[in-house]
Amino acid sequence: MERKCSIILPKDIGIITALTGLGSGFRVLDAGSGSGATAMHFGNIVGDQGEVFSYEIREDFAEIAERNVKGFGLDNVTVKCKDVTESIDEKDLNLIFLDLPKPWDAAEAAMDALKHGGYIATYTPFIEQIQILQRVLKKVGFKEVESFECIFRGIEVTNKGTRPKTRMAGHTGYLSFGRKI
Ligand SMILES: C[S@@+](CC[C@H](N)C(=O)[O-])C[C@H]1O[C@@H](n2cnc3c(N)ncnc32)[C@H](O)[C@@H]1O
């Protein structure tokens, strides 16, 4: 797929999916879209009964994400050129996923847009970001606020022996979660 910025890797998508119970029929908001990789992954999981809305602030990136979504034949994913920190149009969402520099700026709008029991999940590369984020999420009223890092190491099997691979993605991002309950 065409891509201009980094995408969320399967190891991190897997944790988000498992910890939020994402499944068929869910209504999801994803921001920023970037190239649309995360939105497409969510679109695959929620299926025909579900919907994914993906906000991207940059028009050129929104166009790439839109093209990628169309190319993959997903018609349950809608890309909007929109700043998620300004407002969220959709209501009764099951999951709001934020992959942008200041996810805390969308925390209040997210609380309003989620249905009871819904999750906010964020992906941020730096520890300093999760310190601010956790403070804001708790202040806004999110419960079960937690952050994780997923370290995923391959194992290589050779004729000489079996051991962890020398090269790996040492760090991708921290995953943080909060729940509206
Ligand atoms: C790292 S990329 C997201 C990648 C995406 N998760 C994927 O897997 O393809 C971050 C994106 O967030 C967008 N962005 C930053 N601030 C935003 C905001 N306030 N509202 C919407 N999009 C925003 C950026 O333009 C950028 O395209």
# chains A, B, ... in the order shown; residues from 1 in each chain; ligands from 1
>>> closest_atom_pairs(of="chain A", to="ligand 1", cutoff="6 Å", atoms="only C-alpha atoms and all ligand atoms", output="JSON lines")
{"residue": "A:Cys5", "atom": "CA", "partner": "ligand 1", "partner_atom_place_in_ligand_line": "2 (S)", "distance": 5.6}
{"residue": "A:Ser6", "atom": "CA", "partner": "ligand 1", "partner_atom_place_in_ligand_line": "1 (C)", "distance": 5.1}
{"residue": "A:Ile7", "atom": "CA", "partner": "ligand 1", "partner_atom_place_in_ligand_line": "8 (O)", "distance": 3.4}
{"residue": "A:Ile8", "atom": "CA", "partner": "ligand 1", "partner_atom_place_in_ligand_line": "8 (O)", "distance": 4.3}
{"residue": "A:Ala31", "atom": "CA", "partner": "ligand 1", "partner_atom_place_in_ligand_line": "21 (C)", "distance": 5.2}
{"residue": "A:Gly32", "atom": "CA", "partner": "ligand 1", "partner_atom_place_in_ligand_line": "12 (O)", "distance": 3.4}
{"residue": "A:Ser33", "atom": "CA", "partner": "ligand 1", "partner_atom_place_in_ligand_line": "5 (C)", "distance": 4.9}
{"residue": "A:Gly34", "atom": "CA", "partner": "ligand 1", "partner_atom_place_in_ligand_line": "27 (O)", "distance": 3.4}
{"residue": "A:Ser35", "atom": "CA", "partner": "ligand 1", "partner_atom_place_in_ligand_line": "9 (O)", "distance": 4.2}
{"residue": "A:Gly36", "atom": "CA", "partner": "ligand 1", "partner_atom_place_in_ligand_line": "9 (O)", "distance": 4.3}
{"residue": "A:Ala37", "atom": "CA", "partner": "ligand 1", "partner_atom_place_in_ligand_line": "9 (O)", "distance": 3.9}
{"residue": "A:Thr38", "atom": "CA", "partner": "ligand 1", "partner_atom_place_in_ligand_line": "8 (O)", "distance": 4.1}
{"residue": "A:Tyr55", "atom": "CA", "partner": "ligand 1", "partner_atom_place_in_ligand_line": "21 (C)", "distance": 5.1}
{"residue": "A:Glu56", "atom": "CA", "partner": "ligand 1", "partner_atom_place_in_ligand_line": "22 (N)", "distance": 3.8}
{"residue": "A:Ile57", "atom": "CA", "partner": "ligand 1", "partner_atom_place_in_ligand_line": "22 (N)", "distance": 4.0}
{"residue": "A:Arg58", "atom": "CA", "partner": "ligand 1", "partner_atom_place_in_ligand_line": "25 (O)", "distance": 5.1}
{"residue": "A:Phe61", "atom": "CA", "partner": "ligand 1", "partner_atom_place_in_ligand_line": "27 (O)", "distance": 5.9}
{"residue": "A:Lys82", "atom": "CA", "partner": "ligand 1", "partner_atom_place_in_ligand_line": "21 (C)", "distance": 5.8}
{"residue": "A:Asp83", "atom": "CA", "partner": "ligand 1", "partner_atom_place_in_ligand_line": "20 (N)", "distance": 3.6}
{"residue": "A:Val84", "atom": "CA", "partner": "ligand 1", "partner_atom_place_in_ligand_line": "20 (N)", "distance": 4.1}
{"residue": "A:Thr85", "atom": "CA", "partner": "ligand 1", "partner_atom_place_in_ligand_line": "19 (N)", "distance": 5.1}
{"residue": "A:Asp99", "atom": "CA", "partner": "ligand 1", "partner_atom_place_in_ligand_line": "6 (N)", "distance": 5.3}
{"residue": "A:Leu100", "atom": "CA", "partner": "ligand 1", "partner_atom_place_in_ligand_line": "12 (O)", "distance": 4.6}
>>> select_by_dssp(residues="segment 17-170 of chain A", states="alpha helix (DSSP H)", output="JSON, numbers by chain")
{"A": [17, 18, 19, 20, 37, 38, 39, 40, 41, 42, 43, 44, 45, 46, 59, 60, 61, 62, 63, 64, 65, 66, 67, 68, 69, 70, 71, 107, 108, 109, 110, 111, 112, 113, 127, 128, 129, 130, 131, 132, 133, 134, 135, 136, 137, 138, 139, 140]}
>>> select_by_dssp(residues="segment 16-146 of chain A", states="strand (DSSP E or B)", output="PyMOL selection string")
chain A and resi 27-31+51-56+77-81+93-98+114-124+143-146
>>> write_last_selection(atoms="N, CA and C atoms", output="tab-separated table (two decimals), in the first residue's frame")
chain	number	residue	atom	x	y	z
A	27	ARG	N	-18.42	0.06	16.45
A	27	ARG	CA	-18.27	1.38	15.82
A	27	ARG	C	-16.98	2.02	16.35
A	28	VAL	N	-16.07	2.34	15.43
A	28	VAL	CA	-14.73	2.76	15.83
A	28	VAL	C	-14.37	4.11	15.21
A	29	LEU	N	-13.70	4.95	16.01
A	29	LEU	CA	-13.09	6.16	15.45
A	29	LEU	C	-11.58	6.00	15.52
A	30	ASP	N	-10.90	6.29	14.41
A	30	ASP	CA	-9.45	6.17	14.32
A	30	ASP	C	-8.90	7.53	13.90
A	31	ALA	N	-7.84	8.03	14.59
A	31	ALA	CA	-7.23	9.31	14.18
A	31	ALA	C	-5.77	9.34	14.66
A	51	GLU	N	-18.63	-0.16	11.72
A	51	GLU	CA	-18.24	1.03	10.95
A	51	GLU	C	-16.96	1.59	11.53
A	52	VAL	N	-16.09	2.10	10.66
A	52	VAL	CA	-14.87	2.77	11.11
A	52	VAL	C	-14.84	4.16	10.48
A	53	PHE	N	-14.65	5.17	11.34
A	53	PHE	CA	-14.51	6.54	10.87
A	53	PHE	C	-13.07	6.93	11.15
A	54	SER	N	-12.37	7.45	10.15
A	54	SER	CA	-10.96	7.75	10.33
A	54	SER	C	-10.73	9.22	9.99
A	55	TYR	N	-10.22	10.00	10.98
A	55	TYR	CA	-9.99	11.43	10.79
A	55	TYR	C	-8.52	11.69	10.52
A	56	GLU	N	-8.27	12.52	9.52
A	56	GLU	CA	-6.88	12.91	9.19
A	56	GLU	C	-6.85	14.41	8.96
A	77	VAL	N	-15.31	1.66	5.95
A	77	VAL	CA	-14.35	2.64	6.49
A	77	VAL	C	-14.56	3.98	5.78
A	78	THR	N	-14.80	5.04	6.56
A	78	THR	CA	-14.98	6.38	6.00
A	78	THR	C	-13.83	7.28	6.47
A	79	VAL	N	-13.09	7.85	5.53
A	79	VAL	CA	-11.99	8.75	5.88
A	79	VAL	C	-12.50	10.19	5.79
A	80	LYS	N	-12.23	10.98	6.84
A	80	LYS	CA	-12.64	12.39	6.82
A	80	LYS	C	-11.42	13.27	7.03
A	81	CYS	N	-11.31	14.36	6.26
A	81	CYS	CA	-10.22	15.31	6.50
A	81	CYS	C	-10.69	16.23	7.62
A	93	LEU	N	-19.76	5.34	20.20
A	93	LEU	CA	-18.64	4.57	19.66
A	93	LEU	C	-18.16	3.54	20.68
A	94	ASN	N	-17.68	2.40	20.18
A	94	ASN	CA	-17.14	1.36	21.07
A	94	ASN	C	-15.66	1.58	21.36
A	95	LEU	N	-14.98	2.18	20.38
A	95	LEU	CA	-13.53	2.37	20.52
A	95	LEU	C	-13.10	3.64	19.81
A	96	ILE	N	-12.26	4.43	20.50
A	96	ILE	CA	-11.61	5.58	19.86
A	96	ILE	C	-10.11	5.34	19.96
A	97	PHE	N	-9.47	5.24	18.80
A	97	PHE	CA	-8.03	4.99	18.78
A	97	PHE	C	-7.30	6.22	18.24
A	98	LEU	N	-6.33	6.71	19.00
A	98	LEU	CA	-5.62	7.93	18.62
A	98	LEU	C	-4.13	7.65	18.44
A	114	LEU	N	-17.96	8.31	23.21
A	114	LEU	CA	-17.97	6.86	23.47
A	114	LEU	C	-19.28	6.44	24.11
A	115	LYS	N	-19.66	5.20	23.84
A	115	LYS	CA	-20.81	4.66	24.56
A	115	LYS	C	-20.32	4.12	25.91
A	116	HIS	N	-21.24	3.88	26.82
A	116	HIS	CA	-20.86	3.34	28.12
A	116	HIS	C	-20.14	2.01	27.93
A	117	GLY	N	-18.99	1.85	28.55
A	117	GLY	CA	-18.21	0.63	28.39
A	117	GLY	C	-17.16	0.73	27.29
A	118	GLY	N	-17.22	1.81	26.50
A	118	GLY	CA	-16.29	1.97	25.38
A	118	GLY	C	-14.88	2.33	25.85
A	119	TYR	N	-13.93	2.13	24.95
A	119	TYR	CA	-12.51	2.36	25.27
A	119	TYR	C	-11.91	3.50	24.45
A	120	ILE	N	-10.98	4.20	25.10
A	120	ILE	CA	-10.05	5.05	24.36
A	120	ILE	C	-8.71	4.31	24.38
A	121	ALA	N	-8.04	4.26	23.25
A	121	ALA	CA	-6.72	3.63	23.18
A	121	ALA	C	-5.80	4.57	22.40
A	122	THR	N	-4.56	4.68	22.85
A	122	THR	CA	-3.63	5.60	22.17
A	122	THR	C	-2.29	4.93	21.93
A	123	TYR	N	-1.59	5.44	20.93
A	123	TYR	CA	-0.25	4.95	20.59
A	123	TYR	C	0.67	6.16	20.58
A	124	THR	N	1.66	6.16	21.47
A	124	THR	CA	2.58	7.31	21.55
A	124	THR	C	4.01	6.80	21.72
A	143	LYS	N	-11.72	5.46	33.42
A	143	LYS	CA	-11.33	4.47	34.43
A	143	LYS	C	-10.41	3.44	33.79
A	144	GLU	N	-9.84	2.57	34.62
A	144	GLU	CA	-8.95	1.49	34.17
A	144	GLU	C	-7.86	2.04	33.25
A	145	VAL	N	-7.28	3.19	33.65
A	145	VAL	CA	-6.24	3.82	32.81
A	145	VAL	C	-4.92	3.06	33.01
A	146	GLU	N	-4.37	2.57	31.89
A	146	GLU	CA	-3.15	1.76	31.94
A	146	GLU	C	-2.33	1.99	30.68
>>> residues_around(residues="Met40 of chain A", least_positions_apart="5", cutoff="9 Å", atoms="only C-alpha atoms", output="compact mmCIF listing (two decimals) with C-alpha atoms, in the first residue's frame")
# COMPACT_ATOMS: atom_id res chain seq x y z
CA ILE A 45 -12.33 -6.87 12.21
CA VAL A 52 -14.87 2.77 11.11
CA ASN A 68 -5.75 2.68 0.19
CA VAL A 69 -9.12 1.92 1.80
CA PHE A 72 -8.55 -2.89 -0.33
CA LEU A 74 -13.45 -1.94 2.34
CA VAL A 77 -14.35 2.64 6.49
>>> residues_around(residues="Asp48 of chain A", least_positions_apart="2", cutoff="8 Å", atoms="only C-alpha atoms", output="list in words")
Ser24, Gly25, Val46, Gly50, Glu51 and Asn76 of chain A
>>> atom_distance(atom1="atom CA of Glu149 of chain A", atom2="atom CA of Gly173 of chain A")
6.9 Å
>>> closest_residue(among="A:Arg67, A:Arg153, A:Lys91, A:Lys138", to="Ile181 of chain A", atoms="only C-alpha atoms")
A:Lys138
>>> closest_residue(among="A:Ile127, A:Lys180, A:Glu63, A:Thr172", to="Glu108 of chain A", atoms="only C-alpha atoms")
A:Lys180
